[in-house]
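Student: The structure's right below; bear with me while I get my questions together.
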Amino acid sequence: MKKAFKRIFACITFCAILLLLIWQANEILIEKSLNRYYILDHAIAEDNRSYEVQVFGSCHSYTSFNAKYFEETYGLSSYDLGNSGEIVPTTYLRMVERFKKDVPKVVLIDIWGTNAYETYSPLESIFVEYLPPNIEALPFSLKKAEVISDYPSLDIISENFAISKYKDRLINGEIREYDFNYSYDKIVNITTDYVRRDTSMRIENNGFCEMPMTGELYTPYRDVSDYNEKQAVVADDETLALEEDIVKYLDKIIDLCKQNDVYLIFYRAPYISTVNELKKANWLSEYCKQNDVAYYDLEKEITFDLSTDFLDYEHLNKYGAKKATDYLATHILEAIS
Amino acid sequence: MSYLSLNFVVFVAILAFLYYVLPVKLRSGVLLLASLFFYALFDFRYLIFLIFTAFTTFLAARIVNKVKAKKILVGTVIILNAAVWFAIKELPWVLTTSSRALNLFGIDWTAPTLSFIVPIGISYFTLQAIAYLVDVLKQKYPCERNFFKYLLFLSWFPAIVQGPISRYNELMPQLLNTNKFSYENMRRSLVLLLFGLIKKMVIADRLGILVNYCFGNFKDLSGIVLYVGAIAYSIQLYADFSGCVDFCRGISGLFGVNLVHNFNRPYLSLSIKEFWSRWHISLSSWLKDYIYIPLGGNRKGKFRKYINIIITFFVSGMWHGAGLNFLVWGLMHAIYQIIGDMTASFRGKFKRFIGVNKGSTSEKIYQMFITFHLVLFAWIFFRSGGMLNGIEYIKNMLCSFNPWVLMDGTLFTYGLSQNFAILLIAHIVILFFIEHRFAKQENVIEGILNSHLILRWIIYLILIFDVLLFGVYGTGYSISSFMYGGF
C-alpha cells in the first residue's frame with residue numbers, strides 16, 4: 001500500500017513538473033511581438049486598474065473610441081481592449097476573461113466583427129487567414145473549446161499550446177531576450193515590429209490608437225473626399241441575417257452582460273461598407289431592438305467631416321474619434337445615470 | 001480516429017482505466033467493443049469486411065477437422081477472402097491496366113469504372129485470418145470456439161491499421177490473459193510509445209518534407225539531390241513504419257499485450273536475404289510460412305526455388321499496393337536474391353582471389369553498402385507512384401554528377417533548413433545507436449527504467465519535449481498518417 005502511494009505521489013509530481021515546463025515553454029515560445037492581446041494584457045495586468053467602460057471589437061473600436069480622452073473629459077475610467085480583425089466569438093471570450101478580473105459598468109462593441117469580416121476572408125477561415133494569433137493567448141476554458149469546435153480552421157492543440165504553433169522559433173534561432181521576460185518592458189525595446197509599435201502607442205492611450213501617426217507605420221493621411229460616392233446605399237428596412245455562429249455568440253454576449261449587470265452598447269463606426277455589410281448592420285439594429293440592447297450607427301447619427309475626420313476609408317483619425325467618443329459618451333453617461 | 005490524435009489519447013486512457021477497473025470476466029468483451037468501435041470510426045461499413053473475414057475463417061476452422069475435403073474447404077475459404085481483398089485493392093487497377101494494354105494492341109475495350117470502399121487494415125487482418133485457418137488445418141493449435149474472442153484477435157485495435165501481423169497462438173492467449181495492473185509495464189509501454197512518436201514525428205515526418213520535394217520535382221532535379229532524396233526516403237520509411245510499430249506495441253503493452261517485433265536493424269543487413277529477415281518481419285515470415293514453403297521452398301531444386309522466390313515477392317508486391325511499380329519493386333527483390341544465390345560461389349572465389357578476409361569489417365561494410373543501395377533502388381520504384389516515374393528518377397539521379405550541392409546550401413532550400421537538417425542527422429545517429437544497443441541485447445528501455453529516479457525523469461522529459469518541440473505537428477504542418485497504414 002505504501003509503495004502504491006509512493007508511486008501515485010511520484011506520478012503526480014512528475015505530471016506537475018511536466019505541466020510547469022510546458023507552461024514555461026509556452027510563455028517563452030509564444031510570438032509576443034505579433035500578438036496584440038499578449039502585449040495589451042500584460043500591460044493592463046501591470047497597471048492593476050479597473051475600468052468602468054471597456055471597449056471590445058476590431059481595429060474600428062480602438063480607432064473610433066478614444067478611451068483616454070473619454071476618461072480625462074468625462075471622469076470614467078475606460079480602456080480599448082479590441083484587436084485587429086476581432087470577430088464576435090473572440091470578443092465573447094475576451095469579455096469572459098476580462099470580467100473574471102474586472103467587471104465594467106458599460107461595454108462598447110464595434111460591429112465590424114459581426115458583419116464585415118467577409119471583406120477580408122470567409123467566416124470559416126478568418127481565424128487562419130486574417131489574424132491567426134487572435135485567440136491563442138486566451139487561457140484554456142470550455143468556452144474557448146466551444147469556439148474552437150465551431151470553427152473547423154481552429155484546432156484545440158494549436159490554440160492552447162503556443163509550443164505547437166511556435167516551436168520552430170527555437171530551431172530557427174528566433175528566440176530573443178524578451179522571450180524570457182513576460183513583461184511589456186522588454187518587448188517595448190524592439191523597434192522594428194509593426195504590431196509592437198502600434199500596441200506601444202495604444203498602451204500610452206488606454207488602448208486607443210491615435211491616428212494619424214507620423215513615420216512609415218501608417219500612411220499619414222489619405223484623401224477620402226469620394227467616401228460618399230464609394231459608400232454603398234441601402235435602405236433602413238433592407239436586412240440580411242447574420243450567420244448562426246455569429247448570432248450564437250451575440251446571444252452569449254448579451255447573456256453575459258445581463259448576468260454581470262453590464263450595460264451593453266453596439267455601435268458601427270463609419271467605414272466603406274459593402275451592400276451586404278450594410279444590410280447586416282440593419283439586421284443587427286433590429287436584433288438589438290428585440291433584445292433591448294443599445295445600438296448606434298455613427299455614420300447615420302453623426303456628421304463627419306470627410307476632409308478632417310478620417311485616416312482612410314476604414315478608420316477614423318483622432319479628430320473623428322473625438323466626435324465619436326463625445327457622441328457615445330452622452331449615451332454612456334445617460335445609461336449610467 | 002487517427003492514432004496521432006487527441007481523441008485517440010482520450011480513447012486509450014478511458015479504455016485502459018476500464019480494463020483494469022472492470023472484473024476480469026468482462027475485459028475481453030470491453031476490448032472487443034473498443035476495437036470494433038475504433039475500427040467503425042473510420043467507416044462503419046468497414047466492419048462488414050472484417051466480420052465477413054472473421055466469420056468465414058472462424059466457421060471453416062471449426063469444421064475443417066470434421067470433414068474429409070479439408071484442403072478443398074480451406075482453399076475455398078482462402079480464395080474467397082483473397083478474392084475480396086483482390087477485388088477491393090487490385091481489381092480496378094488490373095482492369096484499367098488491361099484495358100490500356102489491349103488498346104496498345106488495337107483492341108478497343110474500355111474497362112468498367114469500379115470504385116470500392118477500401119477498408120483500412122484489410123491487408124493485415126486477411127493475412128492473420130488465413131494464417132489462423134492454415135495453422136488449424138495443420139493442427140498447430142486447436143480452433144477457437146468463441147467467435148467473439150476470435151473477432152477480438154482479428155480486430156485488436158493497436159494492430160489493425162498497420163500490423164504487425166500477429167499469429168493466433170501468440171496474440172490470443174495474451175488478449176484473454178487476466179493481466180493485473182503493472183506499474184512497471186505501464187512505464188515500459190509509455191517509453192516505447194514515446195520512442196515510436198519520436199521516430200514518426202521527429203524523424204520520418206521531418207524527412208518527409210525533403211522526400212516529398214524530391215519525389216514531387218524529380219523531373220527538374222538531378223544527381224546528388226535525388227540520391228539524397230532516395231536515402232531520405234529509405235530512412236523515412238523505416239522510421240515511420242518502425243515508429244508506428246513501437247507506438248502500437250506501446251499502446252498494446254498498456255493492456256499487457258506484447259506485439260511482435262517487426263524490425264531488426266534492416267539497413268545493416270549484409271545481403272538481400274538477410275534484409276528480408278530483418279524488415280517487416282511479421283510479413284516476411286508470413287510470406288515464407290504460407291507462400292514460399294507451401295510452394296516447395298528450396299526443397300525441389302534450384303529452378304523451383306527461384307520460381308518460388310519470384311512468386312513470393314510477386315505476392316509481396318501486390319500486397320503492398322496496386323501498381324506496376326509495386327510489382328517491379330517486389331520482382332527486383334526476387335531478382336536480387338536469385339542473382340545473389342546464383343553468384344554466391346563465384347563471389348566467394350573472387351573474394352579469396354583478391355585476398356579479402358571473409359568476415360572482416362571491411363567486407364561487412366562493403367556488403368552493407370551494396371545491400372543498402374540495392375534496397376534503395378527498389379524503394380525508388382516503391383515511392384515514385386509509377387514504373388516510368390521510377391525509371392526517370394533513377395535516370396536523372398545517375399545522369400548528373402553535382403556533389404557540390406552537398407556543400408553550397410542548395411539542399412537546404414528544399415523545405416529543410418540547415419538547423420533542421422542538423423537536428424535530423426543527430427536524431428538518426430541516436431536512433432541507430434539505440435537500435436545497435438538493442439541488437440547487443442542491451443535493452444535501452446530497461447536501462448532507462450532501472451536508472452536513478454532523477455536521471456529517469458530527466459530522460460522522460462527530454463523524450464517528451466523532443467516530440468513537443470521538434471515533432472511535425474501543429475500550425476503549419478499536417479500530421480501525416482502512418483505510411484504502412486495505406487497497404
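Each chain of the C-alpha cells is named A, B, ... in the order shown, its residues numbered from 1; ligands are numbered from 1 in display order.
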Can you check which residues of chain A have any atom within 7 Å of chain B? Use only C-alpha atoms and format it as an NGL selection string.

Tutor: :A and (158 or 163-165 or 167 or 171-172)

Student: What residues in region 50-152 of chain B get the DSSP label helix (DSSP H, G or I)? Please answer as an MDAnalysis selection string.

Tutor: chainID B and resid 50:66 70:89 91:104 122:137 147:152

Student: Could you list, as a PyMOL selection string, every residue within 6 Å of Arg268 (chain A), counting only C-alpha atoms and ignoring same-chain residues fewer than 3 positions away?

Tutor: chain A and resi 110-111+297-298

Student: Write out, as an mmCIF file, in the first residue's frame, the residues just selected, with N, CA and C atoms.

Tutor:
```
data_model
loop_
_atom_site.group_PDB
_atom_site.id
_atom_site.type_symbol
_atom_site.label_atom_id
_atom_site.label_comp_id
_atom_site.auth_asym_id
_atom_site.auth_seq_id
_atom_site.Cartn_x
_atom_site.Cartn_y
_atom_site.Cartn_z
ATOM 1 N N ASP A 110 -17.785 47.437 -31.191
ATOM 2 C CA ASP A 110 -17.994 47.890 -32.574
ATOM 3 C C ASP A 110 -18.381 46.674 -33.410
ATOM 4 N N ILE A 111 -19.191 46.891 -34.437
ATOM 5 C CA ILE A 111 -19.843 45.729 -35.075
ATOM 6 C C ILE A 111 -19.087 45.179 -36.281
ATOM 7 N N ASP A 297 -25.580 53.677 -34.998
ATOM 8 C CA ASP A 297 -24.833 53.694 -36.257
ATOM 9 C C ASP A 297 -24.245 55.100 -36.397
ATOM 10 N N LEU A 298 -22.960 55.230 -36.078
ATOM 11 C CA LEU A 298 -22.359 56.569 -36.030
ATOM 12 C C LEU A 298 -22.377 57.258 -37.389
#
```

Student: Applying 9 Å and only C-alpha atoms, which residues near Pro270 (chain A) remain after dropping the ones on its own chain fewer than 3 positions away? List them as JSON, numbers by chain.

Tutor: {"A": [60, 64, 273, 297, 298, 299, 300, 304, 313, 314, 315, 316]}

Student: Based on the selection just made, write C-alpha atoms of those residues as a PDB file, in the first residue's frame.

Tutor:
```pdb
ATOM      1  CA  HIS A  60     -12.560  50.092 -35.686  1.00  0.00           C
ATOM      2  CA  SER A  64     -13.094  55.291 -33.062  1.00  0.00           C
ATOM      3  CA  SER A 273     -19.058  49.019 -46.407  1.00  0.00           C
ATOM      4  CA  ASP A 297     -24.833  53.694 -36.257  1.00  0.00           C
ATOM      5  CA  LEU A 298     -22.359  56.569 -36.030  1.00  0.00           C
ATOM      6  CA  GLU A 299     -22.332  57.070 -39.771  1.00  0.00           C
ATOM      7  CA  LYS A 300     -26.046  57.838 -39.708  1.00  0.00           C
ATOM      8  CA  PHE A 304     -18.209  63.587 -40.027  1.00  0.00           C
ATOM      9  CA  TYR A 313     -11.694  54.603 -45.870  1.00  0.00           C
ATOM     10  CA  GLU A 314     -11.689  52.167 -42.992  1.00  0.00           C
ATOM     11  CA  HIS A 315     -10.733  54.157 -39.905  1.00  0.00           C
ATOM     12  CA  LEU A 316     -11.372  57.441 -38.166  1.00  0.00           C
TER      13      LEU A 316
END
```

Student: Hey, which of A:Val234, A:Leu311, A:Ala162, A:Ala324 ends up closest to Trp23 (chain A)? Count only C-alpha atoms.

Tutor: A:Ala162

Student: Mind listing the strand (DSSP E or B) residues of region 56-116 of chain A, per DSSP on the backbone, as JSON, numbers by chain?

Tutor: {"A": [56, 78, 79, 80, 106, 107, 108, 109, 110]}

Student: Using only C-alpha atoms, which residues sit within 12 Å of Leu59 (chain B) once same-chain residues fewer than 2 positions away are excluded, as a PyMOL selection string?

Tutor: chain B and resi 51-57+61-66+73-74+77+129+132-133+136+143-147+150-151

Student: Got time to write the residues from that selection, N, CA and C atoms, as a PDB file, in the first residue's frame?

Tutor:
```
ATOM      1  N   ILE B  51     -16.021  -8.520 -40.365  1.00  0.00           N
ATOM      2  CA  ILE B  51     -16.856  -9.609 -39.844  1.00  0.00           C
ATOM      3  C   ILE B  51     -16.973 -10.732 -40.873  1.00  0.00           C
ATOM      4  N   PHE B  52     -17.024 -10.376 -42.143  1.00  0.00           N
ATOM      5  CA  PHE B  52     -17.069 -11.406 -43.189  1.00  0.00           C
ATOM      6  C   PHE B  52     -15.829 -12.304 -43.104  1.00  0.00           C
ATOM      7  N   THR B  53     -14.660 -11.682 -43.059  1.00  0.00           N
ATOM      8  CA  THR B  53     -13.418 -12.463 -42.968  1.00  0.00           C
ATOM      9  C   THR B  53     -13.389 -13.286 -41.688  1.00  0.00           C
ATOM     10  N   ALA B  54     -13.784 -12.654 -40.595  1.00  0.00           N
ATOM     11  CA  ALA B  54     -13.772 -13.359 -39.314  1.00  0.00           C
ATOM     12  C   ALA B  54     -14.726 -14.542 -39.342  1.00  0.00           C
ATOM     13  N   PHE B  55     -15.938 -14.312 -39.855  1.00  0.00           N
ATOM     14  CA  PHE B  55     -16.963 -15.362 -39.832  1.00  0.00           C
ATOM     15  C   PHE B  55     -16.577 -16.542 -40.722  1.00  0.00           C
ATOM     16  N   THR B  56     -16.148 -16.261 -41.950  1.00  0.00           N
ATOM     17  CA  THR B  56     -15.846 -17.357 -42.879  1.00  0.00           C
ATOM     18  C   THR B  56     -14.661 -18.193 -42.371  1.00  0.00           C
ATOM     19  N   THR B  57     -13.625 -17.538 -41.890  1.00  0.00           N
ATOM     20  CA  THR B  57     -12.447 -18.293 -41.439  1.00  0.00           C
ATOM     21  C   THR B  57     -12.726 -19.003 -40.101  1.00  0.00           C
ATOM     22  N   ALA B  61     -12.587 -22.997 -39.801  1.00  0.00           N
ATOM     23  CA  ALA B  61     -11.676 -23.597 -38.818  1.00  0.00           C
ATOM     24  C   ALA B  61     -12.424 -24.540 -37.876  1.00  0.00           C
ATOM     25  N   ARG B  62     -13.675 -24.184 -37.571  1.00  0.00           N
ATOM     26  CA  ARG B  62     -14.457 -25.023 -36.665  1.00  0.00           C
ATOM     27  C   ARG B  62     -14.748 -26.395 -37.280  1.00  0.00           C
ATOM     28  N   ILE B  63     -14.994 -26.408 -38.595  1.00  0.00           N
ATOM     29  CA  ILE B  63     -15.425 -27.673 -39.208  1.00  0.00           C
ATOM     30  C   ILE B  63     -14.315 -28.386 -39.986  1.00  0.00           C
ATOM     31  N   VAL B  64     -13.169 -27.704 -40.120  1.00  0.00           N
ATOM     32  CA  VAL B  64     -12.158 -28.248 -41.030  1.00  0.00           C
ATOM     33  C   VAL B  64     -11.685 -29.651 -40.643  1.00  0.00           C
ATOM     34  N   ASN B  65     -11.579 -29.887 -39.370  1.00  0.00           N
ATOM     35  CA  ASN B  65     -11.081 -31.204 -38.972  1.00  0.00           C
ATOM     36  C   ASN B  65     -12.188 -32.227 -38.785  1.00  0.00           C
ATOM     37  N   LYS B  66     -13.408 -31.840 -39.205  1.00  0.00           N
ATOM     38  CA  LYS B  66     -14.520 -32.789 -39.134  1.00  0.00           C
ATOM     39  C   LYS B  66     -14.950 -33.240 -40.528  1.00  0.00           C
ATOM     40  N   LEU B  73     -11.849 -27.282 -48.565  1.00  0.00           N
ATOM     41  CA  LEU B  73     -12.573 -26.308 -47.749  1.00  0.00           C
ATOM     42  C   LEU B  73     -11.673 -25.098 -47.417  1.00  0.00           C
ATOM     43  N   VAL B  74     -10.499 -25.390 -46.924  1.00  0.00           N
ATOM     44  CA  VAL B  74      -9.585 -24.310 -46.543  1.00  0.00           C
ATOM     45  C   VAL B  74      -9.212 -23.476 -47.772  1.00  0.00           C
ATOM     46  N   VAL B  77     -12.089 -21.172 -48.780  1.00  0.00           N
ATOM     47  CA  VAL B  77     -12.248 -20.012 -47.888  1.00  0.00           C
ATOM     48  C   VAL B  77     -11.102 -19.018 -48.104  1.00  0.00           C
ATOM     49  N   ALA B 129      -6.059 -13.939 -40.663  1.00  0.00           N
ATOM     50  CA  ALA B 129      -7.125 -14.938 -40.715  1.00  0.00           C
ATOM     51  C   ALA B 129      -6.679 -16.156 -41.520  1.00  0.00           C
ATOM     52  N   TYR B 132      -4.286 -18.229 -39.495  1.00  0.00           N
ATOM     53  CA  TYR B 132      -5.012 -18.974 -38.454  1.00  0.00           C
ATOM     54  C   TYR B 132      -5.643 -20.232 -39.043  1.00  0.00           C
ATOM     55  N   LEU B 133      -6.316 -20.069 -40.183  1.00  0.00           N
ATOM     56  CA  LEU B 133      -7.021 -21.183 -40.805  1.00  0.00           C
ATOM     57  C   LEU B 133      -6.038 -22.291 -41.207  1.00  0.00           C
ATOM     58  N   VAL B 136      -4.731 -24.090 -38.143  1.00  0.00           N
ATOM     59  CA  VAL B 136      -5.724 -25.027 -37.574  1.00  0.00           C
ATOM     60  C   VAL B 136      -5.778 -26.287 -38.438  1.00  0.00           C
ATOM     61  N   CYS B 143      -8.804 -25.046 -32.799  1.00  0.00           N
ATOM     62  CA  CYS B 143      -9.520 -23.863 -33.277  1.00  0.00           C
ATOM     63  C   CYS B 143     -10.178 -23.117 -32.106  1.00  0.00           C
ATOM     64  N   GLU B 144     -10.443 -21.860 -32.336  1.00  0.00           N
ATOM     65  CA  GLU B 144     -11.133 -21.046 -31.327  1.00  0.00           C
ATOM     66  C   GLU B 144     -12.623 -21.405 -31.361  1.00  0.00           C
ATOM     67  N   ARG B 145     -13.208 -21.518 -30.177  1.00  0.00           N
ATOM     68  CA  ARG B 145     -14.612 -21.935 -30.134  1.00  0.00           C
ATOM     69  C   ARG B 145     -15.548 -20.743 -29.953  1.00  0.00           C
ATOM     70  N   ASN B 146     -14.981 -19.647 -29.565  1.00  0.00           N
ATOM     71  CA  ASN B 146     -15.820 -18.474 -29.334  1.00  0.00           C
ATOM     72  C   ASN B 146     -15.559 -17.443 -30.430  1.00  0.00           C
ATOM     73  N   PHE B 147     -16.616 -17.185 -31.217  1.00  0.00           N
ATOM     74  CA  PHE B 147     -16.448 -16.280 -32.354  1.00  0.00           C
ATOM     75  C   PHE B 147     -15.989 -14.885 -31.921  1.00  0.00           C
ATOM     76  N   TYR B 150     -12.372 -14.717 -31.221  1.00  0.00           N
ATOM     77  CA  TYR B 150     -11.632 -14.746 -32.492  1.00  0.00           C
ATOM     78  C   TYR B 150     -11.702 -13.376 -33.187  1.00  0.00           C
ATOM     79  N   LEU B 151     -12.867 -12.752 -33.112  1.00  0.00           N
ATOM     80  CA  LEU B 151     -13.037 -11.424 -33.706  1.00  0.00           C
ATOM     81  C   LEU B 151     -12.115 -10.421 -33.019  1.00  0.00           C
TER      82      LEU B 151
END
```

Student: Which neighbours of Leu284 (chain A) fall inside 10 Å, counting only C-alpha atoms, when residues of the same chain fewer than 2 positions from it are skipped, and could you give them as a count of residues only?

Tutor: 22

Student: Pick out the closest residue to Glu86 (chain A) from this set: A:Ser153, A:Ser61, A:Ser33, A:Asn66. Count only C-alpha atoms.

Tutor: A:Ser61

Student: What's the 9 Å shell around Leu138 (chain A), counting only C-alpha atoms, without same-chain residues fewer than 2 positions away, as a PyMOL selection string?

Tutor: chain A and resi 37-38+93-94+97+134-136+140-141+144+159-160

Student: Between A:Lys3, A:Lys258, A:Lys318, A:Arg169, which one has atoms that come closest to Val107 (chain A), using only C-alpha atoms?

Tutor: A:Lys258

Student: For a test of reading the model, state the distance in Å between CA of Phe161 (chain A) and CA of Gly415 (chain B), rounded to one decimal.

Tutor: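 One can read the CA of Phe161 (chain A) to CA of Gly415 (chain B) distance as 24.1 Å.
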
Student: Tell me, in Å to one decimal, how far CA of Val224 (chain A) is from CA of Ile87 (chain A).

Tutor: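 Going from CA of Val224 (chain A) over to CA of Ile87 (chain A) covers 25.8 Å.
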
Student: To one decimal in Å, tell me the separation between CA of Ser384 (chain B) and CA of Leu327 (chain B).

Tutor: 12.7 Å
